[in-house]
Structure formats: structure tokens, C-alpha cells
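Trainee: First the structure, which I've put down as C-alpha cells, then a few questions once you've had a look.
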2 protein chains.
Amino acid sequence: MAAQKSAPKSEAPAPSSTRRSEKSRRAIYDAALALVVEVGYPRTTIEGIAARAGVGKQTIYRWWSSKAEVLMEAFLDLGEEAAKAAGDEPYAIPDTGDLAADLKGVLRATIDQMTDPRFDAPARALAAEGLVNEALSREYVAKLLEPSLQLYVARLRTAQEAGDVRPDVDPRIALELFVSPLAQRWLQYTGPISYEYTDTLVDYALHGLAPRAR
Amino acid sequence: MAAQKSAPKSEAPAPSSTRRSEKSRRAIYDAALALVVEVGYPRTTIEGIAARAGVGKQTIYRWWSSKAEVLMEAFLDLGEEAAKAAGDEPYAIPDTGDLAADLKGVLRATIDQMTDPRFDAPARALAAEGLVNEALSREYVAKLLEPSLQLYVARLRTAQEAGDVRPDVDPRIALELFVSPLAQRWLQYTGPISYEYTDTLVDYALHGLAPRAR
């Protein structure tokens, strides 16, 4: 889901220092993600992350201003690493010419992520914190959610050029017809999640609920 | 949005006792709702609710097992009282024969609720708590969210009988195309909320994103 590169706020260092910094940065990310899975977001602290990563607290504060920032960048990095491992970086929604199939494919991949505890725990922690912390939520949306939604916007624009989506449709709203239902079922446990469910959402959104010929 | 009657778990009492109980129950609801707006859900306690309502803690524990239970029933009651005041109880989505207009109307009314702090604060508090508390979330969904979603199911079924919605469409999934986007924008601050936005969701959902005649 993550799509945007965001570098930690370090100065350009000497090469050997860069290697050390990169190693520390990765250890900090790993520690933050592991702690959120193991003890939950509320009990994850900068001190705990530092101890587990084997770095000083000041190393973390040099690069990030809060545990939410650390977790957000760690989560972003997790998405980038997963995309790299899958060989599809920079990530984009495939364009096979079959819009329905492409959207169904990416939603199925999203379900796979949601059911992976390494993604589910930090994503849910950030979303939960955001619900009662509007500033954090807006940062989470800007850094994590919106970049991934823009991938759908791009694919829907291509579909408009190909004549597969009406030209008067606003892609930024249109994507919500299949993305938001999945998000709500995942976050609020309002219903079961399956490939069949997201396939259905895509079909309903593309073809509409009203009869086509009357 | 609330649609289901749920009585507190008191025994059938004598008439004068009933009046006293009813007065206490309402004072407890009012106190719970006021505290959540004023100090937030995490700092709302059974003790605080009891003090503000002018009842003993044991009065609350006789009827409810947790502050989440109190808040949920208070919120449910708030919805029932609002519906009664508006003269539309039992609440149902109107059927004027114009499905799009009926859905747009109820979504506009939902926006009005969401921007009313008396509804927004407790609804958001329950949703936030539910995000990190699956058991509470499932109760919140069963008691509050699902009953209001079933109103859409009923209206969509009528629309199917009238030939305005395809017979093969599952109404329980279909409603999510316009309800979930609004819920996500409201809960996660993913975008602005307006009547024009929800009107657009209804139009997209009914008519589909794909061109109708090619």
C-alpha cells in the first residue's frame, strides 16, 4: 500500500558513517515494528525501541520527533521493502487493459497484506491512534494512505483515456467505492473479508447497482 | 442512525420505582454523553458518570457492566430521542419512489449528525475504542452500526422489487459503496465531507463508473 519515499532527516554523512547510520535506522525500524506487534502501540515507547535496537535514545531523537513518526516511517519502509522483494518498485497498479481484473488483483493483494500480522498490527495501531488524534491522522493520511490512493487515481485516469470509465467521473471519489468498504470491514469488523467480496465491490462499482438496460 | 430498542437489564419494578429508575437512567445517559464530549472517552469513568448523574456507582453497575456499555446505550437512546423529536419513529429510510433522492437525503442527514458534536464525540469515541478492542467493536457493530445499515438493506430490497436495482445485487454489500466512503472520510479524515460528495457517491454507485452505452 505504501508508495512514497521519505528519507530520515539526517545530514549527508561520510561513507562509513552512512553505513553505520543505515544499520541503526534499520534496527530502529525493526524494533518499532516488532514492539507494536508484541506489546501494542500504547505500550511502545522511544526508550523501548532504543533498547531493542541497541542504540541510544538520542540517536532516535536526532532523526524523529515522536514514536508515531518512527512507526510511520518504519511502516513506509516495510511497504517499500516488500515491493522491492516482489520486484515491482516503483509500485504502480498494473495496466493489462482489463480494468476490472487489475483492480481486483490489487485489492486481493491488499487483503493478503491485511491478514499478515506484520502489516496489520502497525497499520491498525496508526489508524487507531489517528482516530483520536486528528493531527497524527492527517499526517498518516498524507504520508501513507493518500499516496497509495493516488495509485488508483492514476489507473482510473488511464481507464478514462481508454474509454473504460466515464470522462465525467472524479477518480479520487470513484476509488472510494471499492477501497473504503474494504477499509471499513477491516478496521471496524463490520463484515467478513474475502477475494469474492472485493471482486464483487469492483463489479458493482464499475457496472452500477441500477439495471443497465430497461 | 440508531434503530434498535435495547432496554437496561432491570427487573420489572413497581410504578413509582419505575419513575425513579427512568429518571436515574436518563441522568446517567446525559452524564456519560456530556463527559465524553468534555473530557474524552479515555478519561470518562463510571465514578465520574455516577457523580455527575447524582447516583451511586452501584446504581450504574446494577444495569451495566462497563463504561463502554453505558456509553453505547446512551448513544442508542440519543438516536431514538432524536428520531422521536423529528417524528419519524420507528425510523426507516423514506420510499418516495425515487431511490437516488431517498439515499441522498438520508446521507445528508447523516452528515448533519456527524457535524453535531453531541453525536460526533460519542460515536468517534466508540469507534476509536473498537479499533483496538475487537470484542467491543463487534458489540458496537451489532447494536449500533448494523441496525442502521439494515435500513439501507430494506430500502435497496424495495428498490429491487421496483426494478431500480438489479436483482442479482447483494444489498448488504451494495450499501457499502456509498456508506463506507463517508464513514472513512469521517473517521480517518481522508477527505472533505459535503452534501455534494455524498450525492456523487450515490450517483456513481447507482449508475456505475463504466460508460453505459458504448
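Residues are referred to by chain and number: the chain letter is A, B, ... according to the order shown in the C-alpha cells, the number counts from 1 in that chain, and ligands are numbered separately from 1 in the order shown.
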At a cut-off of 9 Å, which residues of chain B touch chain A? Count only C-alpha atoms and give the answer as number ranges by chain.

Mentor: B: 124-125, 127-132, 134, 137-138, 141-142, 145-146, 160, 163-167, 169, 173-174, 176-185, 187-190, 197, 200-201, 203-214

Trainee: So that I can see what lies close to Asp199 in chain B, please list as a VMD selection string the residues with an atom at most 9 Å from it, counting only C-alpha atoms and leaving out residues fewer than 6 positions away in the same chain.

Mentor: chain B and resid 100 to 101 103 to 105 107 to 108

Trainee: Between CA of Lys67 in chain A and CA of Ile49 in chain A, what is the distance, to one decimal in Å?

Mentor: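 Between these atoms lies a distance of 8.7 Å.
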
Trainee: Please return as a ChimeraX atom specification: the residues of chain A that backbone DSSP assigns to alpha helix (DSSP H).

Mentor: /A:15-39,46-53,57-63,67-85,99-114,117-131,134-140,146-161,171-174,176-188,195-207

Trainee: For those residues, write C-alpha atoms to a file as a short mmCIF file (atom, residue, chain, number, x, y, z; two decimals), in the first residue's frame.

Mentor:
```cif
data_model
loop_
_atom_site.label_atom_id
_atom_site.label_comp_id
_atom_site.auth_asym_id
_atom_site.auth_seq_id
_atom_site.Cartn_x
_atom_site.Cartn_y
_atom_site.Cartn_z
CA PRO A 15 30.54 6.94 3.67
CA SER A 16 31.44 4.81 6.72
CA SER A 17 29.08 6.88 8.87
CA THR A 18 26.37 6.33 6.25
CA ARG A 19 26.76 2.57 6.58
CA ARG A 20 26.53 2.79 10.37
CA SER A 21 23.51 5.12 10.14
CA GLU A 22 21.75 2.84 7.68
CA LYS A 23 22.31 -0.11 10.01
CA SER A 24 20.94 1.84 13.00
CA ARG A 25 17.98 3.09 11.03
CA ARG A 26 17.02 -0.44 10.00
CA ALA A 27 17.47 -1.74 13.57
CA ILE A 28 15.18 1.05 14.81
CA TYR A 29 12.52 0.25 12.21
CA ASP A 30 12.67 -3.45 13.05
CA ALA A 31 12.42 -2.75 16.78
CA ALA A 32 9.45 -0.37 16.38
CA LEU A 33 7.52 -2.82 14.19
CA ALA A 34 8.29 -5.79 16.45
CA LEU A 35 7.23 -3.92 19.60
CA VAL A 36 3.92 -2.80 18.12
CA VAL A 37 3.12 -6.40 17.19
CA GLU A 38 4.22 -7.72 20.60
CA VAL A 39 3.05 -5.14 23.16
CA ILE A 46 11.03 5.55 22.29
CA GLU A 47 13.02 4.06 25.21
CA GLY A 48 11.80 0.57 24.37
CA ILE A 49 12.60 0.97 20.69
CA ALA A 50 16.11 2.28 21.50
CA ALA A 51 16.82 -0.58 23.92
CA ARG A 52 15.67 -3.23 21.47
CA ALA A 53 17.53 -1.66 18.54
CA LYS A 57 17.61 7.32 22.74
CA GLN A 58 19.37 10.38 21.31
CA THR A 59 20.02 8.54 18.05
CA ILE A 60 16.27 8.18 17.61
CA TYR A 61 15.51 11.78 18.64
CA ARG A 62 18.15 13.02 16.17
CA TRP A 63 16.07 11.60 13.30
CA LYS A 67 7.21 7.32 18.28
CA ALA A 68 4.37 7.90 15.82
CA GLU A 69 6.92 9.32 13.35
CA VAL A 70 9.23 6.34 13.84
CA LEU A 71 6.40 3.87 13.37
CA MET A 72 5.10 5.66 10.30
CA GLU A 73 8.49 5.63 8.57
CA ALA A 74 9.12 2.05 9.64
CA PHE A 75 5.78 1.07 8.15
CA LEU A 76 6.51 3.03 4.98
CA ASP A 77 9.87 1.28 4.70
CA LEU A 78 8.21 -2.11 5.24
CA GLY A 79 5.98 -1.44 2.24
CA GLU A 80 8.94 -0.36 0.11
CA GLU A 81 10.99 -3.41 1.05
CA ALA A 82 8.05 -5.70 0.28
CA ALA A 83 7.59 -4.02 -3.11
CA LYS A 84 11.33 -4.33 -3.83
CA ALA A 85 11.28 -8.02 -2.86
CA LEU A 99 -9.59 -2.55 -15.59
CA ALA A 100 -11.78 -4.89 -13.53
CA ALA A 101 -9.06 -7.56 -13.39
CA ASP A 102 -6.38 -5.02 -12.46
CA LEU A 103 -8.46 -3.54 -9.62
CA LYS A 104 -9.46 -6.98 -8.35
CA GLY A 105 -5.81 -8.04 -8.35
CA VAL A 106 -4.60 -5.11 -6.28
CA LEU A 107 -7.48 -5.46 -3.80
CA ARG A 108 -6.68 -9.16 -3.39
CA ALA A 109 -3.05 -8.21 -2.69
CA THR A 110 -4.30 -5.67 -0.14
CA ILE A 111 -6.29 -8.40 1.62
CA ASP A 112 -3.13 -10.52 1.75
CA GLN A 113 -1.36 -7.60 3.48
CA MET A 114 -4.25 -7.03 5.91
CA PRO A 117 0.26 -9.54 11.24
CA ARG A 118 3.49 -7.72 10.29
CA PHE A 119 1.36 -5.24 8.34
CA ASP A 120 -1.91 -5.49 10.26
CA ALA A 121 -0.57 -4.56 13.72
CA PRO A 122 1.29 -1.34 12.79
CA ALA A 123 -1.35 -0.25 10.26
CA ARG A 124 -4.15 -0.75 12.80
CA ALA A 125 -2.10 0.96 15.53
CA LEU A 126 -1.53 4.03 13.36
CA ALA A 127 -5.21 4.11 12.34
CA ALA A 128 -6.43 3.74 15.93
CA GLU A 129 -4.14 6.47 17.22
CA GLY A 130 -5.27 8.68 14.34
CA LEU A 131 -8.94 8.30 15.23
CA GLU A 134 -6.52 14.43 14.26
CA ALA A 135 -3.02 15.83 13.63
CA LEU A 136 -1.46 12.37 13.53
CA SER A 137 -4.31 11.11 11.35
CA ARG A 138 -3.74 13.87 8.81
CA GLU A 139 -0.01 13.02 8.72
CA TYR A 140 -0.79 9.29 8.38
CA GLU A 146 -3.11 9.18 0.12
CA PRO A 147 0.00 8.09 -1.86
CA SER A 148 -1.46 4.60 -2.18
CA LEU A 149 -4.88 6.00 -3.14
CA GLN A 150 -3.19 8.08 -5.84
CA LEU A 151 -2.13 4.81 -7.50
CA TYR A 152 -5.84 4.10 -8.04
CA VAL A 153 -6.36 7.64 -9.32
CA ALA A 154 -3.61 7.06 -11.92
CA ARG A 155 -5.10 3.73 -13.01
CA LEU A 156 -8.61 5.19 -13.26
CA ARG A 157 -7.29 8.12 -15.34
CA THR A 158 -5.73 5.65 -17.77
CA ALA A 159 -9.06 3.84 -17.85
CA GLN A 160 -10.80 7.11 -18.69
CA GLU A 161 -8.39 7.65 -21.60
CA PRO A 171 -11.25 9.31 -9.95
CA ARG A 172 -10.43 10.43 -6.40
CA ILE A 173 -14.04 9.85 -5.34
CA ALA A 174 -14.59 6.82 -7.59
CA GLU A 176 -13.59 5.03 -2.62
CA LEU A 177 -16.46 2.88 -3.89
CA PHE A 178 -14.24 -0.21 -3.64
CA VAL A 179 -11.40 0.89 -1.33
CA SER A 180 -13.46 2.33 1.56
CA PRO A 181 -15.77 -0.68 2.05
CA LEU A 182 -12.73 -2.95 2.44
CA ALA A 183 -11.10 -0.43 4.81
CA GLN A 184 -14.23 -0.23 6.95
CA ARG A 185 -14.68 -4.00 7.19
CA TRP A 186 -11.02 -4.34 8.14
CA LEU A 187 -10.92 -1.52 10.71
CA GLN A 188 -14.38 -1.85 12.25
CA TYR A 195 -11.44 -12.16 -2.50
CA GLU A 196 -15.03 -12.77 -3.56
CA TYR A 197 -16.14 -9.74 -1.55
CA THR A 198 -13.63 -7.32 -3.12
CA ASP A 199 -14.26 -8.78 -6.59
CA THR A 200 -17.97 -8.01 -6.03
CA LEU A 201 -17.19 -4.44 -4.94
CA VAL A 202 -15.27 -3.83 -8.17
CA ASP A 203 -18.07 -5.28 -10.31
CA TYR A 204 -20.76 -3.22 -8.52
CA ALA A 205 -18.67 -0.03 -8.75
CA LEU A 206 -17.88 -0.40 -12.45
CA HIS A 207 -21.30 -1.51 -13.60
#
```
